[in-house]
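File shown: input32.txt. Contents: compact mmCIF, C-alpha atoms and all ligand atoms.
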```
# COMPACT_ATOMS: atom_id res chain seq x y z
CA MET A 137 -21.56 14.86 -4.80
CA LEU A 138 -18.11 15.94 -3.58
CA ILE A 139 -16.90 17.36 -0.27
CA ASP A 140 -13.58 19.20 -0.51
CA LEU A 141 -11.35 18.97 2.57
CA HIS A 142 -8.01 19.15 0.72
CA PRO A 143 -5.17 20.51 2.90
CA GLU A 144 -4.59 24.25 2.41
CA PRO A 145 -1.37 25.43 0.65
CA ALA A 146 -0.03 26.56 4.07
CA ASP A 147 -0.45 22.99 5.40
CA MET A 148 1.35 21.62 2.35
CA ALA A 149 4.21 24.06 2.92
CA ARG A 150 4.44 23.05 6.58
CA LEU A 151 4.59 19.34 5.69
CA VAL A 152 7.21 19.95 3.03
CA VAL A 153 9.39 21.95 5.42
CA GLU A 154 9.10 19.15 7.96
CA GLY A 155 9.96 16.47 5.36
CA MET A 156 12.96 18.39 4.00
CA GLY A 157 14.31 18.55 7.54
CA ARG A 158 14.48 14.75 7.76
CA SER A 159 17.51 12.65 7.04
CA PRO A 160 17.19 11.49 4.31
CA LYS A 161 14.87 14.17 2.97
CA GLN A 162 11.39 12.66 2.50
CA LEU A 163 8.10 14.16 1.37
CA PRO A 164 4.59 12.81 2.17
CA ALA A 165 3.68 10.26 -0.52
CA TRP A 166 0.31 11.90 -1.15
CA LEU A 167 2.06 14.87 -2.79
CA LEU A 168 2.70 12.55 -5.75
CA TYR A 169 -1.03 12.64 -6.50
CA ASP A 170 -2.17 15.72 -8.35
CA ALA A 171 -4.32 15.13 -11.46
CA GLU A 172 -1.27 14.27 -13.57
CA GLY A 173 0.17 12.05 -10.82
CA SER A 174 -3.08 10.07 -10.67
CA ARG A 175 -3.03 9.66 -14.45
CA LEU A 176 0.57 8.46 -14.35
CA PHE A 177 -0.21 6.06 -11.51
CA ASP A 178 -2.98 4.49 -13.61
CA ALA A 179 -0.45 4.02 -16.42
CA ILE A 180 1.99 2.31 -14.00
CA CYS A 181 -0.80 -0.13 -13.08
CA GLU A 182 -1.00 -1.24 -16.74
CA GLN A 183 2.70 -2.05 -17.07
CA PRO A 184 3.68 -5.72 -17.44
CA GLU A 185 6.17 -5.46 -14.55
CA TYR A 186 3.55 -4.08 -12.11
CA GLY A 187 1.38 -7.10 -11.32
CA LEU A 188 -0.24 -5.83 -8.12
CA THR A 189 -3.28 -4.19 -9.71
CA ARG A 190 -4.04 -7.10 -12.04
CA THR A 191 -3.60 -9.68 -9.26
CA GLU A 192 -5.69 -7.80 -6.70
CA THR A 193 -8.43 -7.06 -9.25
CA ALA A 194 -8.59 -10.74 -10.26
CA LEU A 195 -8.79 -11.79 -6.61
CA LEU A 196 -11.61 -9.32 -5.95
CA GLU A 197 -13.49 -10.54 -9.01
CA ALA A 198 -13.05 -14.19 -8.04
CA ARG A 199 -13.90 -13.89 -4.33
CA ALA A 200 -16.27 -10.93 -4.17
CA ASP A 201 -19.18 -13.03 -2.85
CA ALA A 202 -17.17 -14.40 0.07
CA MET A 203 -15.75 -10.97 0.85
CA ALA A 204 -19.23 -9.41 0.74
CA ALA A 205 -20.53 -12.12 3.10
CA GLY A 206 -17.72 -11.34 5.54
CA LEU A 207 -18.34 -7.60 5.35
CA GLY A 208 -22.11 -7.69 5.84
CA PRO A 209 -24.47 -4.71 5.41
CA GLY A 210 -23.39 -1.09 5.59
CA VAL A 211 -21.72 1.75 3.71
CA VAL A 212 -18.45 1.09 1.87
CA VAL A 213 -15.80 3.71 2.66
CA GLU A 214 -12.77 3.44 0.36
CA PHE A 215 -9.51 5.06 1.47
CA GLY A 216 -7.38 6.32 -1.44
CA ALA A 217 -9.92 5.31 -4.07
CA GLY A 218 -7.91 6.55 -7.09
CA SER A 219 -9.90 5.65 -10.21
CA ALA A 220 -12.28 3.57 -8.01
CA ARG A 221 -12.32 0.62 -10.40
CA LYS A 222 -11.22 -2.22 -8.10
CA VAL A 223 -14.23 -1.84 -5.82
CA SER A 224 -16.86 -2.57 -8.51
CA PRO A 225 -17.11 -6.38 -8.11
CA LEU A 226 -17.42 -5.90 -4.37
CA LEU A 227 -20.18 -3.33 -4.75
CA SER A 228 -22.07 -5.64 -7.13
CA ALA A 229 -21.79 -8.58 -4.71
CA LEU A 230 -22.56 -6.54 -1.60
CA GLY A 231 -25.26 -4.07 -2.64
CA PRO A 232 -24.21 -1.60 0.09
CA ALA A 233 -26.32 1.32 1.36
CA ALA A 234 -23.84 3.78 -0.21
CA TYR A 235 -20.28 4.14 -1.45
CA VAL A 236 -17.95 6.85 -0.11
CA ALA A 237 -14.61 7.47 -1.88
CA LEU A 238 -11.84 9.31 -0.04
CA ASP A 239 -8.88 10.62 -2.04
CA ILE A 240 -6.41 13.47 -1.91
CA SER A 241 -6.36 13.94 -5.70
CA ALA A 242 -9.15 16.47 -6.10
CA ASP A 243 -9.34 16.73 -9.89
CA HIS A 244 -9.20 12.95 -10.32
CA LEU A 245 -11.79 12.12 -7.68
CA ALA A 246 -14.79 13.80 -9.35
CA PRO A 247 -14.49 11.94 -12.70
CA ALA A 248 -13.71 8.69 -10.84
CA CYS A 249 -16.96 9.05 -8.85
CA ARG A 250 -18.94 9.91 -11.99
CA ALA A 251 -17.60 6.82 -13.79
CA LEU A 252 -18.40 4.62 -10.78
CA GLN A 253 -21.90 6.10 -10.60
CA ALA A 254 -22.43 5.20 -14.27
CA ARG A 255 -21.44 1.59 -13.52
CA HIS A 256 -23.70 1.49 -10.42
CA PRO A 257 -26.59 3.85 -11.29
CA ASP A 258 -28.72 3.06 -8.21
CA LEU A 259 -25.96 3.40 -5.63
CA PRO A 260 -25.66 6.63 -3.62
CA VAL A 261 -22.06 7.85 -4.19
CA LEU A 262 -20.12 10.46 -2.23
CA GLY A 263 -16.56 11.70 -2.86
CA ILE A 264 -14.49 13.30 -0.10
CA CYS A 265 -11.24 14.99 -1.07
CA CYS A 266 -9.02 14.81 2.02
CA ASP A 267 -5.86 13.47 3.59
CA TYR A 268 -7.35 10.43 5.33
CA SER A 269 -4.38 10.17 7.68
CA HIS A 270 -5.22 13.57 9.18
CA LEU A 271 -9.01 13.54 9.19
CA ASP A 272 -10.64 13.98 12.63
CA HIS A 273 -13.89 12.32 11.60
CA LEU A 274 -15.89 11.52 8.50
CA PRO A 275 -18.25 14.38 7.58
CA ASP A 276 -21.69 14.33 9.12
CA HIS A 277 -23.44 13.34 5.89
CA PRO A 278 -26.81 11.55 5.56
CA MET A 279 -25.19 8.76 3.51
CA LEU A 280 -23.04 7.85 6.49
CA LYS A 281 -25.58 8.34 9.25
CA GLY A 282 -26.66 5.31 11.27
CA GLN A 283 -24.86 2.85 8.97
CA ARG A 284 -22.15 0.32 9.74
CA ARG A 285 -18.97 1.40 7.99
CA LEU A 286 -17.09 -1.06 5.83
CA GLY A 287 -13.59 0.19 5.10
CA PHE A 288 -11.88 -0.80 1.86
CA TYR A 289 -8.16 -0.08 1.45
CA PRO A 290 -6.70 -1.87 -1.58
CA GLY A 291 -3.46 -1.30 -3.48
CA SER A 292 -1.17 -2.06 -0.53
CA SER A 293 -1.19 1.68 0.14
CA LEU A 294 -0.56 0.99 3.83
CA GLY A 295 3.00 0.25 2.68
CA ASN A 296 3.52 3.96 1.95
CA PHE A 297 3.64 4.53 5.72
CA ASP A 298 6.59 3.42 7.86
CA PRO A 299 5.61 0.83 10.53
CA PRO A 300 4.83 3.40 13.28
CA GLY A 301 2.87 5.44 10.72
CA ALA A 302 1.04 2.31 9.52
CA LEU A 303 0.10 1.46 13.11
CA ALA A 304 -1.22 4.98 13.63
CA LEU A 305 -3.17 4.78 10.35
CA LEU A 306 -4.82 1.48 11.26
CA ARG A 307 -5.87 3.06 14.58
CA GLN A 308 -7.10 6.10 12.68
CA PHE A 309 -9.24 3.85 10.44
CA ARG A 310 -10.75 2.20 13.55
CA ARG A 311 -11.69 5.65 14.81
CA LEU A 312 -13.06 6.89 11.49
CA LEU A 313 -15.05 3.71 10.84
CA GLY A 314 -16.42 3.37 14.38
CA PRO A 315 -17.97 0.50 16.29
CA ASP A 316 -18.83 -2.79 14.58
CA SER A 317 -16.92 -1.75 11.47
CA ARG A 318 -14.94 -3.99 9.10
CA LEU A 319 -11.83 -3.28 7.06
CA LEU A 320 -10.93 -5.13 3.86
CA ILE A 321 -7.31 -4.31 3.16
CA GLY A 322 -4.91 -5.39 0.40
CA ILE A 323 -1.33 -6.12 1.44
CA ASP A 324 1.53 -6.89 -0.95
CA GLN A 325 3.99 -9.50 0.27
CA PRO A 326 7.80 -9.66 0.05
CA LYS A 327 8.94 -11.60 -3.00
CA ALA A 328 12.01 -12.08 -5.21
CA VAL A 329 14.08 -8.91 -5.32
CA GLU A 330 14.21 -8.96 -9.16
CA ARG A 331 10.41 -8.90 -9.39
CA LEU A 332 10.06 -6.19 -6.76
CA GLU A 333 12.65 -3.90 -8.30
CA ALA A 334 11.29 -4.45 -11.82
CA ALA A 335 7.79 -3.48 -10.65
CA TYR A 336 8.98 -0.03 -9.54
CA ASN A 337 11.41 0.47 -12.46
CA ASP A 338 9.15 -0.28 -15.43
CA ARG A 339 10.95 -0.27 -18.74
CA ALA A 340 8.55 2.20 -20.36
CA GLY A 341 9.52 4.81 -17.73
CA TRP A 342 6.11 5.54 -16.14
CA SER A 343 7.45 5.15 -12.57
CA GLU A 344 10.18 7.64 -13.37
CA ALA A 345 7.68 10.09 -14.89
CA PHE A 346 5.45 9.69 -11.81
CA ALA A 347 8.32 10.64 -9.48
CA HIS A 348 9.45 13.53 -11.67
CA ASN A 349 5.90 14.89 -11.72
CA LEU A 350 6.34 15.55 -8.00
CA LEU A 351 8.96 18.18 -8.88
CA THR A 352 6.60 19.79 -11.41
CA ARG A 353 3.96 19.91 -8.71
CA LEU A 354 6.30 21.41 -6.12
CA ASN A 355 7.42 24.03 -8.64
CA ARG A 356 3.79 24.94 -9.40
CA ASP A 357 2.17 24.75 -5.94
CA LEU A 358 5.06 25.80 -3.69
CA ASP A 359 6.92 28.15 -6.01
CA GLY A 360 9.83 25.74 -6.40
CA ASP A 361 12.66 25.80 -8.92
CA PHE A 362 13.55 22.09 -9.22
CA SER A 363 15.04 21.02 -12.52
CA ALA A 364 13.95 17.47 -13.36
CA ALA A 365 17.19 16.88 -15.31
CA ASP A 366 19.15 17.34 -12.06
CA PHE A 367 17.37 14.46 -10.28
CA ARG A 368 17.46 10.83 -11.41
CA TYR A 369 14.78 8.35 -10.32
CA ARG A 370 15.86 5.20 -8.44
CA ALA A 371 13.88 2.41 -6.74
CA TRP A 372 15.51 -0.39 -4.77
CA TRP A 373 14.56 -3.19 -2.39
CA ASP A 374 15.83 -2.76 1.18
CA VAL A 375 15.63 -6.26 2.59
CA ALA A 376 16.40 -5.25 6.19
CA GLN A 377 13.42 -2.87 6.21
CA SER A 378 11.24 -5.04 3.95
CA ARG A 379 10.52 -2.06 1.73
CA ILE A 380 11.01 -0.62 -1.72
CA ALA A 381 12.50 2.84 -1.46
CA MET A 382 11.77 5.29 -4.27
CA ALA A 383 13.87 8.39 -4.59
CA LEU A 384 14.94 11.24 -6.82
CA VAL A 385 18.73 11.37 -6.53
CA SER A 386 20.49 14.70 -6.96
CA GLN A 387 22.94 14.54 -9.87
CA ARG A 388 25.13 17.36 -8.56
CA ASP A 389 25.72 19.65 -5.61
CA GLN A 390 22.93 22.19 -5.87
CA GLU A 391 20.53 24.42 -3.98
CA VAL A 392 16.81 24.32 -4.66
CA ARG A 393 14.14 26.87 -3.74
CA MET A 394 10.72 25.85 -2.50
CA ALA A 395 8.11 27.15 -0.03
CA GLY A 396 10.10 30.36 0.40
CA ARG A 397 13.29 28.59 1.53
CA HIS A 398 16.48 27.22 0.01
CA TRP A 399 17.48 23.57 0.37
CA PRO A 400 20.98 22.23 -0.31
CA PHE A 401 21.47 18.85 -2.04
CA ARG A 402 24.78 17.04 -2.31
CA ALA A 403 25.57 15.03 -5.47
CA GLY A 404 24.11 11.54 -4.89
CA GLU A 405 21.76 12.69 -2.12
CA PRO A 406 18.27 11.13 -2.34
CA LEU A 407 14.95 12.84 -1.91
CA ILE A 408 12.67 9.95 -0.86
CA THR A 409 9.42 10.21 -2.80
CA GLU A 410 7.76 7.17 -1.22
CA TYR A 411 8.35 3.82 0.44
CA SER A 412 6.43 0.65 -0.21
CA TYR A 413 6.70 -1.65 2.82
CA LYS A 414 5.76 -5.29 2.20
CA TYR A 415 4.31 -7.58 4.88
CA GLY A 416 3.78 -11.33 5.01
CA PRO A 417 0.40 -12.31 6.49
CA ALA A 418 1.71 -13.02 10.01
CA ALA A 419 3.67 -9.74 10.22
CA PHE A 420 0.68 -7.79 8.95
CA LEU A 421 -1.76 -9.40 11.40
CA GLU A 422 0.60 -8.59 14.26
CA LEU A 423 0.59 -4.93 13.20
CA ALA A 424 -3.20 -4.96 12.81
CA ALA A 425 -3.63 -6.53 16.26
CA ALA A 426 -1.50 -3.78 17.83
CA ALA A 427 -3.95 -1.30 16.27
CA GLY A 428 -7.00 -3.10 17.69
CA TRP A 429 -8.02 -5.11 14.62
CA ARG A 430 -8.48 -8.89 14.49
CA GLY A 431 -8.02 -10.94 11.31
CA ALA A 432 -11.33 -12.62 10.44
CA ASP A 433 -10.51 -13.95 6.98
CA ARG A 434 -7.86 -13.75 4.26
CA TRP A 435 -7.85 -14.32 0.52
CA SER A 436 -4.71 -14.77 -1.53
CA ASP A 437 -3.90 -15.21 -5.22
CA PRO A 438 -2.65 -18.66 -6.30
CA ALA A 439 1.00 -17.50 -6.39
CA GLY A 440 0.72 -15.97 -2.91
CA ASP A 441 1.87 -12.56 -4.12
CA LEU A 442 -0.63 -10.54 -2.08
CA SER A 443 -3.46 -10.94 0.40
CA LEU A 444 -6.78 -9.26 1.02
CA HIS A 445 -7.37 -9.38 4.78
CA LEU A 446 -10.79 -8.94 6.36
CA LEU A 447 -10.33 -7.26 9.74
CA VAL A 448 -12.89 -6.78 12.50
CA GLN A 449 -12.56 -4.66 15.60
CA ALA A 450 -10.69 -6.77 18.17
CA ASP A 451 -13.25 -6.07 20.88
CA SER A 452 -16.17 -7.02 18.59
CA ASP A 453 -17.99 -10.24 19.55
CA ASP A 454 -19.56 -10.57 16.08
CA GLN A 455 -18.80 -14.09 14.83
CA ARG A 456 -20.07 -13.42 11.27
CA SER A 457 -16.66 -14.12 9.81
CA GLY A 458 -15.47 -16.98 11.97
CA PRO A 459 -12.49 -17.03 14.31
C1 LIG B 1 -1.33 3.63 -4.73
S1 LIG B 1 -2.72 4.54 -5.24
C2 LIG B 1 -3.99 3.30 -5.09
C3 LIG B 1 -5.23 3.61 -5.88
C4 LIG B 1 -6.29 2.51 -5.82
N1 LIG B 1 -6.86 2.39 -4.47
C5 LIG B 1 -5.72 1.18 -6.22
O1 LIG B 1 -5.68 0.28 -5.39
O2 LIG B 1 -5.30 1.06 -7.38
C6 LIG B 1 -3.03 5.54 -3.83
C7 LIG B 1 -4.27 6.42 -3.92
O3 LIG B 1 -4.50 7.00 -2.63
C8 LIG B 1 -4.53 8.41 -2.72
N2 LIG B 1 -3.86 8.88 -1.51
C9 LIG B 1 -2.55 8.71 -1.19
N3 LIG B 1 -2.31 9.21 0.04
C10 LIG B 1 -3.49 9.70 0.50
C11 LIG B 1 -3.90 10.35 1.70
N4 LIG B 1 -3.03 10.57 2.68
N5 LIG B 1 -5.19 10.73 1.83
C12 LIG B 1 -6.08 10.51 0.82
N6 LIG B 1 -5.76 9.90 -0.34
C13 LIG B 1 -4.48 9.51 -0.50
C14 LIG B 1 -3.85 8.77 -4.00
O4 LIG B 1 -4.35 9.97 -4.56
C15 LIG B 1 -4.14 7.56 -4.88
O5 LIG B 1 -5.34 7.72 -5.59
```

When written as C-alpha cells, how does the structure in this file appear?
Amino acid sequence: MLIDLHPEPADMARLVVEGMGRSPKQLPAWLLYDAEGSRLFDAICEQPEYGLTRTETALLEARADAMAAGLGPGVVVEFGAGSARKVSPLLSALGPAAYVALDISADHLAPACRALQARHPDLPVLGICCDYSHLDHLPDHPMLKGQRRLGFYPGSSLGNFDPPGALALLRQFRRLLGPDSRLLIGIDQPKAVERLEAAYNDRAGWSEAFAHNLLTRLNRDLDGDFSAADFRYRAWWDVAQSRIAMALVSQRDQEVRMAGRHWPFRAGEPLITEYSYKYGPAAFLELAAAAGWRGADRWSDPAGDLSLHLLVQADSDDQRSGP
C-alpha cells in the first residue's frame, strides 16, 4: 500500500528558484532522487570506494538483537528508505507491529516495498512518498495508530542537511514520531581525506552519473535546457566545515533556462548538488541534544568509520536502554 504526498511541480519550481538564488547555487539534495537517481545511488553503494553501505549493513546484521532490545515494541518508520534493504535484519530481530517506509523517489518506493514484503511476508508494510523534512504529520493510517514509533534513519543522510537544517530535521523527527519514540540513526564520521574523496569520486563514474542525472531531471520536470557536457562533476572534502561538497562546475560562461527563468553561470562556478557533513560521536550527540534527543546507546564498526546511535526523547524517563 502506498500513499503519495510527493511535492507538486509548483513546489519543486519554488524550491529550485530559492536554491538558485543562493551563493553558491544549491539545490535540495532530494531532487537527485528520481527513479534513475535511485538506481544510480544503489550502484554507488556497490563501488569498492564507497564503504558506508557495506559497513553499516554489516553492523546492523551483527548487532540487530541489541538494537532491537533498545528499540522495544512499536512500528518502524524509516526515513529515506531507498531500496529498504538495510532494515531487514532489524525487522527480523524486532518483529515490529508494522513497517512504514518514507521516500521521495516515488517510482522506486513501490518496488522497494514489494521486495521487502516478499522478504517479510507477515509484516504489514506501508510506503509513503513524501519529503520528510516538510511533512506536518504522518498520515492517520491504522498501521500507525496507537503504536510507539521507532524511527530508523540509516545511510548518514542527516549529513545532506547543513547543521541548522540537521537540527531542524532532528526536531521534525521528534514531532513526527511523537512521545516515547526512539530513533536509530546512522552517522558517518570524519576520516582520512583520501578515503573520503575517493568514496565520492568512484573510478567507475557512478557518482558523476548520479550528479549529471540531476540535470536530466531538471530538463524533464522543470523544462530546463542544461547540457551535461557543460558541467563537470567534482567532490571535495572541506575540513573546516567537516563536509564533502558535491558540485557540477560550469565549464564556461553560459546561461541556462529552467522553471521559466534564465540563470547565468560563470566558467568555474559550482552548482552544489549535495553536501555530506560528517560528525564524530560527541559532535553528533551535542546536535541531537539540542534537538531534544538523548543518546541511549551506540554501536560502531571495528574501524570506527561510522556509528549507529540509539536516541530517546530527552524528557523520557524510560530506562530501557540505560543511561
Ligand atoms: C543516501 S540515500 C539512503 C538510502 C538508504 N536509506 C540507505 O541507507 O542506503 C537517501 C534516500 O533518501 C531519500 N530522500 C532524500 N531526501 C529525502 C527527503 N527530503 N524526503 C524523503 N526522502 C528523501 C532518497 O530518495 C534516497 O532513497

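Here the question is which of A:Glu192, A:Asp239, A:Asp359, A:Asp258 gets nearest to ligand LIG 1 (chain B) using all atoms listed in the file, and that residue is A:Asp239.
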
Contacts of ligand LIG 1 (chain B), 7 Å or closer, all atoms listed in the file, given as JSON, numbers by chain: {"A": [165, 166, 169, 174, 177, 189, 215, 216, 217, 218, 219, 220, 222, 238, 239, 240, 241, 266, 267, 268, 269, 289, 290, 291, 293]}

Restrict the selected residues to C-alpha atoms and save them as a JSON list (two decimals), keeping the file's coordinate frame.
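As a result, again07.json now contains:
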```
[["chain", "number", "residue", "atom", "x", "y", "z"],
["A", 165, "ALA", "CA", 3.68, 10.26, -0.52],
["A", 166, "TRP", "CA", 0.31, 11.90, -1.15],
["A", 169, "TYR", "CA", -1.03, 12.64, -6.50],
["A", 174, "SER", "CA", -3.08, 10.07, -10.67],
["A", 177, "PHE", "CA", -0.21, 6.06, -11.51],
["A", 189, "THR", "CA", -3.28, -4.19, -9.71],
["A", 215, "PHE", "CA", -9.51, 5.06, 1.47],
["A", 216, "GLY", "CA", -7.38, 6.32, -1.44],
["A", 217, "ALA", "CA", -9.92, 5.31, -4.07],
["A", 218, "GLY", "CA", -7.91, 6.55, -7.09],
["A", 219, "SER", "CA", -9.90, 5.65, -10.21],
["A", 220, "ALA", "CA", -12.28, 3.57, -8.01],
["A", 222, "LYS", "CA", -11.22, -2.22, -8.10],
["A", 238, "LEU", "CA", -11.84, 9.31, -0.04],
["A", 239, "ASP", "CA", -8.88, 10.62, -2.04],
["A", 240, "ILE", "CA", -6.41, 13.47, -1.91],
["A", 241, "SER", "CA", -6.36, 13.94, -5.70],
["A", 266, "CYS", "CA", -9.02, 14.81, 2.02],
["A", 267, "ASP", "CA", -5.86, 13.47, 3.59],
["A", 268, "TYR", "CA", -7.35, 10.43, 5.33],
["A", 269, "SER", "CA", -4.38, 10.17, 7.68],
["A", 289, "TYR", "CA", -8.16, -0.08, 1.45],
["A", 290, "PRO", "CA", -6.70, -1.87, -1.58],
["A", 291, "GLY", "CA", -3.46, -1.30, -3.48],
["A", 293, "SER", "CA", -1.19, 1.68, 0.14]]
```

Contact residues around Phe297 in chain A with all atoms listed in the file at 9 Å, ignoring same-chain residues under 4 positions, as an mmCIF file with C-alpha atoms, in the frame of the given file:
```
data_model
loop_
_atom_site.group_PDB
_atom_site.id
_atom_site.type_symbol
_atom_site.label_atom_id
_atom_site.label_comp_id
_atom_site.auth_asym_id
_atom_site.auth_seq_id
_atom_site.Cartn_x
_atom_site.Cartn_y
_atom_site.Cartn_z
ATOM 1 C CA ALA A 165 3.680 10.260 -0.520
ATOM 2 C CA SER A 293 -1.190 1.680 0.140
ATOM 3 C CA GLY A 301 2.870 5.440 10.720
ATOM 4 C CA ALA A 302 1.040 2.310 9.520
ATOM 5 C CA LEU A 303 0.100 1.460 13.110
ATOM 6 C CA LEU A 305 -3.170 4.780 10.350
ATOM 7 C CA GLU A 410 7.760 7.170 -1.220
ATOM 8 C CA TYR A 411 8.350 3.820 0.440
ATOM 9 C CA SER A 412 6.430 0.650 -0.210
ATOM 10 C CA TYR A 413 6.700 -1.650 2.820
#
```

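You will find CA of Val392 in chain A at 17.6 Å from CA of Leu167 in chain A.
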
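The space between CA of Ala254 in chain A and CA of Ser224 in chain A spans 11.2 Å.
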
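Using all atoms listed in the file, the nearest neighbour of Arg175 in chain A within the list A:Ser436, A:Thr193, A:Gln390, A:Asn349 is A:Asn349.
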
- Task: Find the residues near range 439-443 of chain A: any atom within 7 Å, counting only C-alpha atoms, skip ones fewer than 2 places away on the same chain, and give them as a ChimeraX atom specification.
- Result: /A:322-325,434-437,445

Expressed in Å, the length from CA of Ser317 in chain A to CA of Ser452 in chain A is 8.9 Å

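Applying the 8 Å criterion to (-29.6, 1.7, -4.3) in file coordinates and using all atoms listed in the file, one obtains the residues Gly231, Pro232, Ala233, Ala234, Pro257, Asp258, Leu259 and Pro260 of chain A.
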
Given the point (13.8, -0.2, -11.6) in the coordinates of this file, which residues lie within 12 Å, counting only C-alpha atoms, and how would they look as number ranges by chain? A: 185-186, 329-344, 368-373, 380-383

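Candidate residues A:Phe420, A:Ala248, A:Leu230, A:Gly287 were compared for distance to Ala202 in chain A, and the nearest is A:Leu230, using all atoms listed in the file.
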